[in-house]
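Student: As input, take upload39.txt (compact mmCIF, C-alpha atoms):
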# COMPACT_ATOMS: atom_id res chain seq x y z
CA MET A 287 138.79 103.66 98.61
CA THR A 288 137.22 100.65 100.39
CA VAL A 289 138.00 102.08 103.84
CA ARG A 290 136.58 105.42 102.77
CA SER A 291 133.34 103.86 101.56
CA SER A 292 133.10 101.81 104.77
CA LEU A 293 133.55 104.94 106.86
CA ARG A 294 130.94 106.72 104.77
CA ALA A 295 128.46 103.88 105.34
CA GLY A 296 129.19 103.91 109.07
CA LEU A 297 128.79 107.67 109.35
CA SER A 298 125.50 107.47 107.45
CA VAL A 299 124.21 104.79 109.80
CA GLY A 300 125.41 106.83 112.78
CA LEU A 301 123.57 109.94 111.61
CA ILE A 302 120.40 107.94 110.97
CA ALA A 303 120.73 106.38 114.44
CA ILE A 304 121.08 109.83 116.00
CA LEU A 305 117.95 111.03 114.19
CA MET A 306 116.06 107.94 115.35
CA VAL A 307 117.05 108.59 118.96
CA LEU A 308 116.11 112.27 118.80
CA ILE A 309 112.66 111.73 117.29
CA GLY A 310 111.83 108.67 119.39
CA ILE A 311 112.02 105.78 116.92
CA THR A 312 114.27 103.71 119.20
CA GLN A 313 111.88 104.25 122.11
CA LEU A 314 108.94 103.22 119.93
CA SER A 315 110.82 100.12 118.79
CA GLY A 316 111.53 99.22 122.40
CA GLN A 317 107.89 99.55 123.39
CA LEU A 318 106.70 97.48 120.43
CA VAL A 319 109.15 94.64 121.09
CA ARG A 320 108.28 94.67 124.79
CA GLY A 321 104.58 94.43 123.98
CA TRP A 322 105.02 91.68 121.37
CA PHE A 323 107.20 89.40 123.49
CA GLY A 324 106.07 90.39 126.98
CA LEU A 325 109.52 91.61 128.02
CA PRO A 326 109.94 93.38 131.37
CA SER A 327 111.84 96.28 129.78
CA ALA A 328 111.90 98.23 126.51
CA THR A 329 115.72 98.26 126.45
CA PRO A 330 116.20 95.17 124.20
CA GLY A 331 113.87 96.56 121.54
CA ALA A 332 115.51 99.99 121.65
CA TRP A 333 118.92 98.42 121.12
CA LEU A 334 117.71 95.92 118.51
CA ILE A 335 117.08 98.44 115.75
CA LEU A 336 120.49 100.09 116.26
CA LEU A 337 122.34 96.76 116.23
CA LEU A 338 120.53 95.65 113.08
CA MET A 339 121.53 98.87 111.32
CA ALA A 340 125.16 98.43 112.34
CA GLY A 341 125.04 94.80 111.20
CA TRP A 342 123.69 95.86 107.82
CA ALA A 343 126.49 98.41 107.44
CA GLY A 344 129.06 95.74 108.30
CA SER A 345 127.60 93.32 105.77
CA ARG A 346 127.64 95.98 103.07
CA ALA A 347 131.24 96.91 103.86
CA TYR A 348 132.32 93.27 103.64
CA LYS A 349 130.73 92.86 100.22
CA GLN A 350 132.49 95.98 98.94
CA ALA A 351 135.83 94.85 100.39
CA LYS A 352 135.46 91.35 98.88
CA ALA A 353 137.35 89.88 101.82
CA THR A 354 138.67 86.33 101.41
CA SER A 355 139.39 85.47 105.05
CA TRP A 356 137.60 85.63 108.38
CA GLY A 357 139.99 88.25 109.72
CA ALA A 358 139.57 90.55 106.73
CA ALA A 359 135.78 90.15 106.84
CA LEU A 360 135.62 91.00 110.54
CA ALA A 361 137.89 94.01 110.07
CA ALA A 362 135.82 95.27 107.13
CA GLY A 363 132.61 95.02 109.13
CA ALA A 364 134.05 96.55 112.29
CA VAL A 365 134.98 99.83 110.52
CA PRO A 366 131.43 101.10 109.78
CA GLY A 367 130.20 99.76 113.11
CA ALA A 368 132.90 101.69 114.95
CA ALA A 369 132.15 104.86 112.96
CA ALA A 370 128.46 104.63 113.80
CA GLY A 371 129.29 103.82 117.42
CA LEU A 372 131.54 106.87 117.72
CA LEU A 373 128.81 109.21 116.52
CA LEU A 374 126.03 107.72 118.61
CA GLY A 375 128.29 107.26 121.63
CA ALA A 376 129.35 110.91 121.47
CA LEU A 377 125.71 111.97 121.34
CA MET A 378 124.70 109.82 124.30
CA TRP A 379 127.75 110.98 126.27
CA GLY A 380 126.70 114.60 125.70
CA ILE A 381 123.05 113.93 126.54
CA GLY A 382 123.98 111.94 129.63
CA SER A 383 126.29 114.70 130.84
CA LEU A 384 123.58 117.34 130.40
CA LEU A 385 121.01 115.22 132.23
CA ALA A 386 123.48 114.59 135.04
CA ASN A 387 123.83 118.36 135.44
CA GLY A 388 120.07 118.74 135.76
CA THR A 389 119.34 120.06 132.26
CA ASP A 390 115.80 119.35 131.05
CA LEU A 391 116.23 118.55 127.36
CA ARG A 392 112.54 117.94 126.79
CA GLN A 393 111.87 121.62 126.26
CA TRP A 394 113.79 121.27 122.97
CA LEU A 395 113.41 117.57 122.17
CA ALA A 396 110.38 115.95 123.77
CA GLN A 397 111.71 112.39 123.36
CA LEU A 398 114.83 112.95 125.46
CA SER A 399 113.32 112.19 128.84
CA PRO A 400 115.61 110.53 131.44
CA ALA A 401 113.65 107.26 131.15
CA ASN A 402 114.04 107.15 127.36
CA VAL A 403 117.73 108.02 127.50
CA GLU A 404 118.28 105.27 130.07
CA LEU A 405 117.10 102.71 127.50
CA LEU A 406 120.36 103.23 125.59
CA THR A 407 122.71 104.26 128.38
CA LEU A 408 121.66 101.28 130.57
CA GLY A 409 121.87 103.53 133.60
CA LEU A 410 125.65 103.81 133.28
CA PRO A 411 127.68 107.02 133.68
CA PRO A 412 127.96 109.09 130.45
CA LEU A 413 131.47 108.01 129.45
CA ALA A 414 130.88 104.35 130.28
CA SER A 415 127.62 104.32 128.28
CA ALA A 416 129.39 105.88 125.30
CA LEU A 417 132.07 103.17 125.41
CA VAL A 418 129.41 100.46 125.64
CA ILE A 419 127.61 101.87 122.61
CA LEU A 420 130.89 102.03 120.66
CA ALA A 421 131.76 98.43 121.53
CA ALA A 422 128.24 97.12 120.82
CA LEU A 423 127.90 98.73 117.38
CA THR A 424 131.45 97.71 116.43
CA ALA A 425 130.65 94.12 117.38
CA ALA A 426 127.35 94.30 115.48
CA GLY A 427 129.13 95.53 112.35
CA ALA A 428 131.67 92.72 112.62
CA ALA A 429 128.87 90.21 113.20
CA GLY A 430 127.03 91.41 110.08
CA ALA A 431 130.17 90.97 107.99
CA ALA A 432 130.83 87.54 109.51
CA LEU A 433 127.30 86.42 108.75
CA SER A 434 127.63 87.53 105.12
CA PHE A 435 131.00 85.81 104.82
CA ALA A 436 129.63 82.57 106.29
CA SER A 437 126.60 82.77 104.03
CA GLU A 438 128.76 83.04 100.92
CA ARG A 439 131.11 80.27 101.98
CA GLY A 440 128.29 77.96 102.97
CA GLN A 441 126.12 79.05 100.02
CA TRP A 442 123.23 79.63 102.39
CA GLY A 443 121.58 81.99 99.94
CA ALA A 444 121.58 79.44 97.13
CA ALA A 445 120.35 76.71 99.47
CA TRP A 446 117.55 78.94 100.76
CA ALA A 447 116.54 79.90 97.22
CA ALA A 448 116.43 76.23 96.20
CA ARG A 449 114.40 75.35 99.27
CA ARG A 450 111.99 78.21 98.57
CA GLN A 451 111.56 77.11 94.97
CA GLY A 452 110.96 73.55 96.10
CA LEU A 453 108.34 74.69 98.59
CA GLY A 454 106.67 76.79 95.89
CA ALA A 455 106.60 73.80 93.54
CA LYS A 456 105.01 71.63 96.24
CA VAL A 457 102.32 74.24 96.90
CA THR A 458 101.51 74.74 93.21
CA SER A 459 101.40 70.97 92.67
CA VAL A 460 98.41 70.62 94.99
CA PRO A 461 95.58 69.56 92.64
CA ALA A 462 93.14 72.31 93.70
CA ILE A 463 95.76 75.05 93.41
CA GLU A 464 97.10 73.67 90.15
CA LYS A 465 93.59 73.57 88.70
CA PHE A 466 92.95 77.16 89.84
CA LEU A 467 96.21 78.49 88.35
CA ALA A 468 95.35 76.83 85.04
CA ARG A 469 92.31 79.07 84.70
CA PRO A 470 92.84 81.93 82.23
CA ASN A 471 91.34 84.47 84.67
CA ALA A 472 93.27 83.34 87.77
CA ARG A 473 95.24 86.57 87.95
CA GLN A 474 92.08 88.68 87.81
CA ILE A 475 90.43 86.61 90.54
CA VAL A 476 93.45 87.08 92.84
CA LEU A 477 93.42 90.82 92.20
CA ILE A 478 89.70 91.07 92.92
CA ALA A 479 90.12 89.04 96.12
CA GLY A 480 92.96 91.30 97.22
CA LEU A 481 90.89 94.39 96.48
CA ALA A 482 87.94 92.97 98.42
CA LEU A 483 90.23 92.27 101.37
CA LEU A 484 91.54 95.83 101.22
CA LEU A 485 88.00 97.20 101.19
CA LEU A 486 86.91 95.05 104.14
CA LEU A 487 90.07 95.73 106.15
CA PRO A 488 89.01 99.10 107.65
CA LEU A 489 85.83 97.52 109.03
CA GLY A 490 87.63 95.03 111.23
CA VAL A 491 91.05 96.37 112.19
CA GLY A 492 89.95 99.01 114.70
CA GLN A 493 90.67 102.68 115.17
CA TYR A 494 94.42 102.44 115.71
CA TRP A 495 95.19 100.54 112.51
CA ASN A 496 92.78 102.72 110.55
CA TYR A 497 94.82 105.66 111.82
CA ILE A 498 98.02 104.00 110.61
CA ILE A 499 96.52 103.16 107.21
CA GLY A 500 95.09 106.66 106.84
CA THR A 501 98.34 108.39 107.79
CA ILE A 502 100.28 106.29 105.29
CA GLY A 503 97.60 107.04 102.70
CA ILE A 504 97.97 110.80 103.13
CA TYR A 505 101.72 110.45 102.64
CA VAL A 506 101.07 108.40 99.50
CA ILE A 507 98.79 111.10 98.07
CA LEU A 508 101.44 113.73 98.76
CA GLY A 509 104.12 111.57 97.20
CA LEU A 510 102.06 110.94 94.08
CA GLY A 511 101.44 114.66 93.66
CA LEU A 512 105.10 115.46 94.16
CA ASN A 513 105.97 112.84 91.56
CA ILE A 514 104.31 115.03 88.92
CA ILE A 515 106.46 118.03 89.86
CA VAL A 516 109.81 116.37 90.53
CA GLY A 517 109.52 112.99 88.83
CA MET A 518 107.88 114.01 85.55
CA ALA A 519 108.71 117.69 85.08
CA GLY A 520 112.04 117.63 86.93
CA LEU A 521 111.26 120.68 89.11
CA LEU A 522 113.12 120.47 92.42
CA ASN A 523 110.41 121.72 94.77
CA LEU A 524 111.30 121.61 98.47
CA GLY A 525 108.33 123.75 99.51
CA TYR A 526 105.66 121.21 98.63
CA GLY A 527 104.39 121.02 102.21
CA ALA A 528 103.33 124.67 102.09
CA PHE A 529 100.52 123.76 99.69
CA PHE A 530 99.48 120.96 102.02
CA ALA A 531 99.09 123.65 104.70
CA ILE A 532 97.18 125.92 102.33
CA GLY A 533 94.68 123.16 101.55
CA ALA A 534 94.21 122.31 105.22
CA TYR A 535 93.74 125.90 106.33
CA THR A 536 91.37 126.62 103.45
CA VAL A 537 89.01 123.84 104.55
CA ALA A 538 89.35 124.86 108.18
CA ILE A 539 88.57 128.53 107.51
CA LEU A 540 85.59 127.73 105.28
CA THR A 541 83.96 125.13 107.56
CA ALA A 542 84.85 126.10 111.15
CA PRO A 543 82.67 128.45 113.26
CA GLU A 544 85.75 130.52 114.11
CA PRO A 545 87.33 132.83 113.18
CA HIS A 546 84.97 133.74 110.29
CA ASN A 547 81.87 131.56 110.84
CA ILE A 548 81.46 130.87 107.12
CA GLY A 549 79.93 127.45 107.79
CA MET A 550 80.46 126.03 104.31
CA SER A 551 79.82 122.38 103.56
CA TYR A 552 82.89 120.17 103.72
CA TRP A 553 82.17 118.75 100.26
CA LEU A 554 82.12 122.24 98.78
CA ALA A 555 85.21 123.38 100.70
CA LEU A 556 87.20 120.35 99.52
CA PRO A 557 87.43 121.29 95.80
CA ILE A 558 87.92 124.94 96.76
CA ALA A 559 90.95 123.91 98.81
CA VAL A 560 92.38 122.07 95.80
CA VAL A 561 91.81 125.09 93.55
CA VAL A 562 93.29 127.53 96.08
CA ALA A 563 96.41 125.36 96.42
CA ALA A 564 96.73 125.16 92.63
CA ILE A 565 96.33 128.95 92.27
CA ALA A 566 98.96 129.48 94.95
CA GLY A 567 101.28 127.17 93.02
CA ILE A 568 100.73 129.13 89.81
CA LEU A 569 101.31 132.47 91.57
CA LEU A 570 104.55 131.12 93.01
CA GLY A 571 105.58 129.56 89.73
CA ILE A 572 105.15 132.57 87.44
CA PRO A 573 108.12 134.52 88.85
CA VAL A 574 110.37 131.61 89.91
CA LEU A 575 110.01 128.81 87.36
CA ARG A 576 112.66 130.31 85.12
CA MET A 577 115.11 129.21 87.81
CA ARG A 578 116.60 125.75 87.72
CA GLY A 579 118.06 123.19 90.08
CA ASP A 580 119.28 124.34 93.48
CA TYR A 581 118.08 127.91 92.97
CA LEU A 582 114.50 126.75 92.50
CA ALA A 583 114.81 124.44 95.51
CA ILE A 584 115.99 127.28 97.76
CA VAL A 585 113.19 129.61 96.65
CA THR A 586 110.47 126.99 97.20
CA LEU A 587 111.91 126.04 100.58
CA GLY A 588 111.85 129.71 101.54
CA PHE A 589 108.22 129.92 100.43
CA ALA A 590 107.33 127.00 102.71
CA GLU A 591 108.98 128.71 105.66
CA ILE A 592 107.16 131.98 104.91
CA ILE A 593 103.82 130.15 104.84
CA ARG A 594 104.60 128.34 108.10
CA ILE A 595 105.61 131.52 109.92
CA LEU A 596 102.66 133.50 108.60
CA LEU A 597 100.05 130.89 109.50
CA ARG A 598 101.33 130.61 113.05
CA SER A 599 102.10 134.27 113.67
CA ASP A 600 100.13 136.61 115.92
CA VAL A 601 99.58 138.91 112.95
CA MET A 602 97.33 136.28 111.32
CA THR A 603 95.35 135.43 114.46
CA GLY A 604 92.26 137.19 113.19
CA PHE A 605 92.37 135.31 109.87
CA THR A 606 93.91 131.87 110.54
CA GLY A 607 93.74 131.59 114.30
CA GLY A 608 97.47 132.24 114.60
CA PRO A 609 99.28 130.14 117.23
CA ARG A 610 95.95 128.86 118.60
CA GLY A 611 95.00 127.23 115.31
CA ILE A 612 91.43 126.64 114.17
CA ARG A 613 89.11 124.43 116.17
CA SER A 614 85.85 122.61 115.39
CA VAL A 615 86.61 122.11 111.69
CA GLY A 616 83.51 120.98 109.82
CA GLY A 617 83.32 117.43 108.58
CA PRO A 618 81.60 115.54 105.77
CA GLU A 619 77.95 114.56 105.81
CA LEU A 620 75.92 112.67 103.23
CA LEU A 621 72.12 112.71 103.18
CA GLY A 622 72.12 113.82 106.81
CA ILE A 623 74.45 110.98 107.88
CA ASP A 624 77.51 112.04 109.86
CA LEU A 625 80.63 110.55 108.23
CA ASN A 626 83.14 111.80 110.79
CA ASN A 627 84.60 108.45 111.82
CA GLU A 628 87.85 106.66 111.19
CA THR A 629 86.32 104.02 108.89
CA PHE A 630 84.93 106.57 106.44
CA PHE A 631 88.12 108.59 106.36
CA THR A 632 90.17 105.46 105.73
CA TYR A 633 88.00 104.66 102.71
CA PHE A 634 88.08 108.30 101.65
CA ILE A 635 91.88 108.31 101.70
CA LEU A 636 92.03 105.05 99.75
CA VAL A 637 89.76 106.56 97.10
CA GLY A 638 92.06 109.59 96.99
CA ILE A 639 95.04 107.33 96.36
CA VAL A 640 93.25 105.55 93.52
CA LEU A 641 92.22 108.90 92.00
CA ALA A 642 95.74 110.31 92.22
CA ALA A 643 97.28 107.15 90.75
CA PHE A 644 94.76 107.12 87.88
CA VAL A 645 95.38 110.78 87.02
CA ILE A 646 99.15 110.31 87.09
CA TYR A 647 98.93 107.17 84.95
CA ARG A 648 96.83 108.97 82.35
CA LEU A 649 99.09 112.02 82.37
CA GLN A 650 102.26 109.96 82.06
CA ASN A 651 101.12 108.43 78.81
CA SER A 652 99.64 111.61 77.37
CA ARG A 653 101.09 114.41 75.27
CA VAL A 654 101.38 116.55 78.41
CA GLY A 655 103.33 113.86 80.23
CA ARG A 656 105.74 113.44 77.34
CA ALA A 657 106.27 117.21 77.27
CA TRP A 658 107.05 117.19 81.00
CA MET A 659 109.58 114.38 80.57
CA ALA A 660 111.19 116.22 77.65
CA ILE A 661 111.57 119.29 79.88
CA ARG A 662 113.03 117.12 82.61
CA GLU A 663 115.65 115.65 80.30
CA ASP A 664 116.70 118.85 78.51
CA GLU A 665 114.81 122.15 78.55
CA ASP A 666 116.68 123.63 75.60
CA VAL A 667 115.98 120.67 73.35
CA ALA A 668 112.33 120.57 74.45
CA GLU A 669 111.91 124.26 73.68
CA ALA A 670 113.53 123.76 70.28
CA MET A 671 110.97 121.05 69.56
CA GLY A 672 108.12 123.51 70.21
CA VAL A 673 107.31 122.80 73.87
CA ASN A 674 106.15 125.90 75.76
CA ILE A 675 108.41 125.51 78.78
CA LEU A 676 106.73 127.97 81.17
CA THR A 677 103.19 126.80 80.37
CA TYR A 678 103.96 123.14 80.94
CA LYS A 679 105.94 123.87 84.11
CA LEU A 680 103.05 125.86 85.53
CA LEU A 681 100.65 123.05 84.60
CA ALA A 682 102.84 120.49 86.38
CA LEU A 683 103.10 122.70 89.45
CA ALA A 684 99.36 123.42 89.54
CA ILE A 685 98.33 119.76 89.24
CA GLY A 686 101.00 118.53 91.66
CA VAL A 687 100.24 121.05 94.39
CA GLY A 688 96.53 120.45 93.83
CA PHE A 689 97.06 116.96 95.22
CA ALA A 690 98.91 118.51 98.16
CA GLY A 691 95.88 120.72 98.78
CA PHE A 692 93.65 117.64 98.54
CA GLY A 693 95.76 115.84 101.15
CA GLY A 694 95.68 118.88 103.40
CA ALA A 695 91.92 119.18 103.04
CA ILE A 696 91.52 115.60 104.27
CA PHE A 697 94.02 116.11 107.07
CA ALA A 698 92.22 119.19 108.38
CA LYS A 699 89.37 117.04 109.69
CA TYR A 700 91.16 113.70 109.81
CA THR A 701 93.42 114.80 112.66
CA ALA A 702 90.36 115.68 114.78
CA VAL A 703 88.62 112.38 114.01
CA MET A 704 91.73 110.44 114.99
CA LYS A 705 92.60 112.65 117.98
CA PRO A 706 91.67 110.02 120.61
CA ILE A 707 94.51 107.84 119.31
CA GLY A 708 97.06 110.33 120.57
CA THR A 709 99.82 108.90 118.39
CA PRO A 710 102.14 111.74 117.29
CA ILE A 711 103.52 111.98 113.78
CA THR A 712 107.23 112.13 114.52
CA MET A 713 108.80 111.88 111.08
CA ALA A 714 108.97 114.90 108.78
CA PRO A 715 110.50 114.11 105.41
CA ALA A 716 110.78 116.84 102.80
CA VAL A 717 107.59 115.84 100.96
CA PRO A 718 105.04 116.47 103.75
CA TYR A 719 107.27 119.00 105.52
CA MET A 720 104.37 120.95 106.97
CA LEU A 721 102.69 117.84 108.40
CA VAL A 722 104.54 118.05 111.69
CA LYS A 723 104.32 121.84 111.69
CA MET A 724 100.55 121.59 111.33
CA LYS A 725 100.11 118.88 113.97
CA GLY A 726 97.75 120.19 116.60
CA ARG A 727 97.23 123.52 114.86
CA ILE A 728 93.99 122.38 113.26
CA PRO A 729 92.53 120.11 115.99
Taking this structure as input, can you express it in the form of structure tokens?

Tutor:
Amino acid sequence: MTVRSSLRAGLSVGLIAILMVLIGITQLSGQLVRGWFGLPSATPGAWLILLLMAGWAGSRAYKQAKATSWGAALAAGAVPGAAAGLLLGALMWGIGSLLANGTDLRQWLAQLSPANVELLTLGLPPLASALVILAALTAAGAAGAALSFASERGQWGAAWAARRQGLGAKVTSVPAIEKFLARPNARQIVLIAGLALLLLLPLGVGQYWNYIIGTIGIYVILGLGLNIIVGMAGLLNLGYGAFFAIGAYTVAILTAPEPHNIGMSYWLALPIAVVVAAIAGILLGIPVLRMRGDYLAIVTLGFAEIIRILLRSDVMTGFTGGPRGIRSVGGPELLGIDLNNETFFTYFILVGIVLAAFVIYRLQNSRVGRAWMAIREDEDVAEAMGVNILTYKLLALAIGVGFAGFGGAIFAKYTAVMKPIGTPITMAPAVPYMLVKMKGRIP
């Protein structure tokens, strides 16, 4: 059973490593490390993240095996490292062979350029590079297990914890700090200072970091909205990104000069986008919310694919711009002041996060929230207690996808404001599934 769990951990790490290579995370890591330390090549940084993952898998395998000797610890750590190395090595062998035959893989996967592939293959022939990857990840897994074994034998963790506590005691014993912590409102002062720092941060970090903060913020809004549907009501919705797209396209259609030249104000289009997304959620929910579990997940995923195909199809060119997308989306103005800049949108997204968190907090502790959680735990019991199952499910879906529409409405103009950055969104988890699909479609 221990070997099986070690293999499972190694295969998981190998699959994650493959995904990271295909979407460009290893290349990004290499570039960041090269920039931070002034290295002549991005190769060390590209390898670093893979070796750390293999080391983590080896450490985890050692703890599960509960090895009592160096040999057993190294063997336990080598198993997941070798499993991950086999998967990644096989991938790089295949990619290297295709590139050697003149195949241009970038037409399918943009990150697989010869220069990026060479970061991991080290310029070696395909088979040799695969063997190097296998040996390196196996060694990293064994090293992770050895480090954990040495830490337990030497009680490094306990020593570090004692040292950290001692350092904390020295800091808090400083008279000024000790006097401040003795104040009854010290916690509130720290929170206010942290909030003030957060509010001042967008003014001084520049466009790039505002882009990073804003992108994370949009994901947070989407996650908070999805938490209502999946976390509270227990509805397995894999088509959540479709409502993000609906919100974005609604704002684009209402504010852009083409294709309909409606010319509506951004502030008026924003709530309309939220309402349209909520109505779409209700219309989807009425026929399908009697389904449960995997069946509901499949239907909602199919709905997301239908929305994606429709919005980008030639049939919808006259209504949504089709494959060309919608350009010149209108932006927010206030008292004649143009607010289309990265600083405003960063604050706007932060306000959206606070609003979403407040609504969810209030709902969670309300009668509606308790009804949702009762449905999540057992629908039959909740219905027996007088909860209208369909009504509360529709309410959860409408509110949750409303936040998706809100995030999409921000993104419709946000992507144009941040366009000079040129940093692609490369990750597409299930929550904001349409984010990557929409990238560049609403410039």

Student: Show which residues sit within 9 Å of A:Gly604, as JSON, numbers by chain. Count all atoms listed in the file, and ignore same-chain residues fewer than 4 positions away.

Tutor: {"A": [545, 546, 600, 608]}

Student: What is the distance, in Å and to one decimal place, between atom CA of A:Ala368 and atom CA of A:Ala426?

Tutor: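 Between atom CA of A:Ala368 and atom CA of A:Ala426 the gap is 9.3 Å.
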
Student: In terms of the shortest atom-to-atom distance over all atoms listed in the file, which of A:Ser315, A:Ser415, A:Ser291, A:Asn513 is closest to A:Gln650?

Tutor: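 Among the listed residues, the smallest separation from A:Gln650 belongs to A:Asn513.
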
Student: Name all residues at most 9 Å from A:Trp379 (count only C-alpha atoms; drop same-chain ones fewer than 2 positions away) and give them as a list of chain:residue names.

Tutor: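 With the cut-off at 9 Å, the set is A:Leu374, A:Gly375, A:Ala376, A:Leu377, A:Ile381, A:Gly382, A:Ser383, A:Leu384, A:Thr407, A:Pro411, A:Pro412, A:Leu413, A:Ala414, A:Ser415, A:Ala416, A:Leu417.
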
Student: Please return as a list in words every residue within 7 Å of (112.2, 105.3, 124.3), taking into account all atoms listed in the file and the file's own coordinates.

Tutor: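 Every polymer residue passing the test: Gly310, Thr312, Gln313, Leu314, Gly316, Ala332, Asn402, Val403 and Leu405 of chain A.
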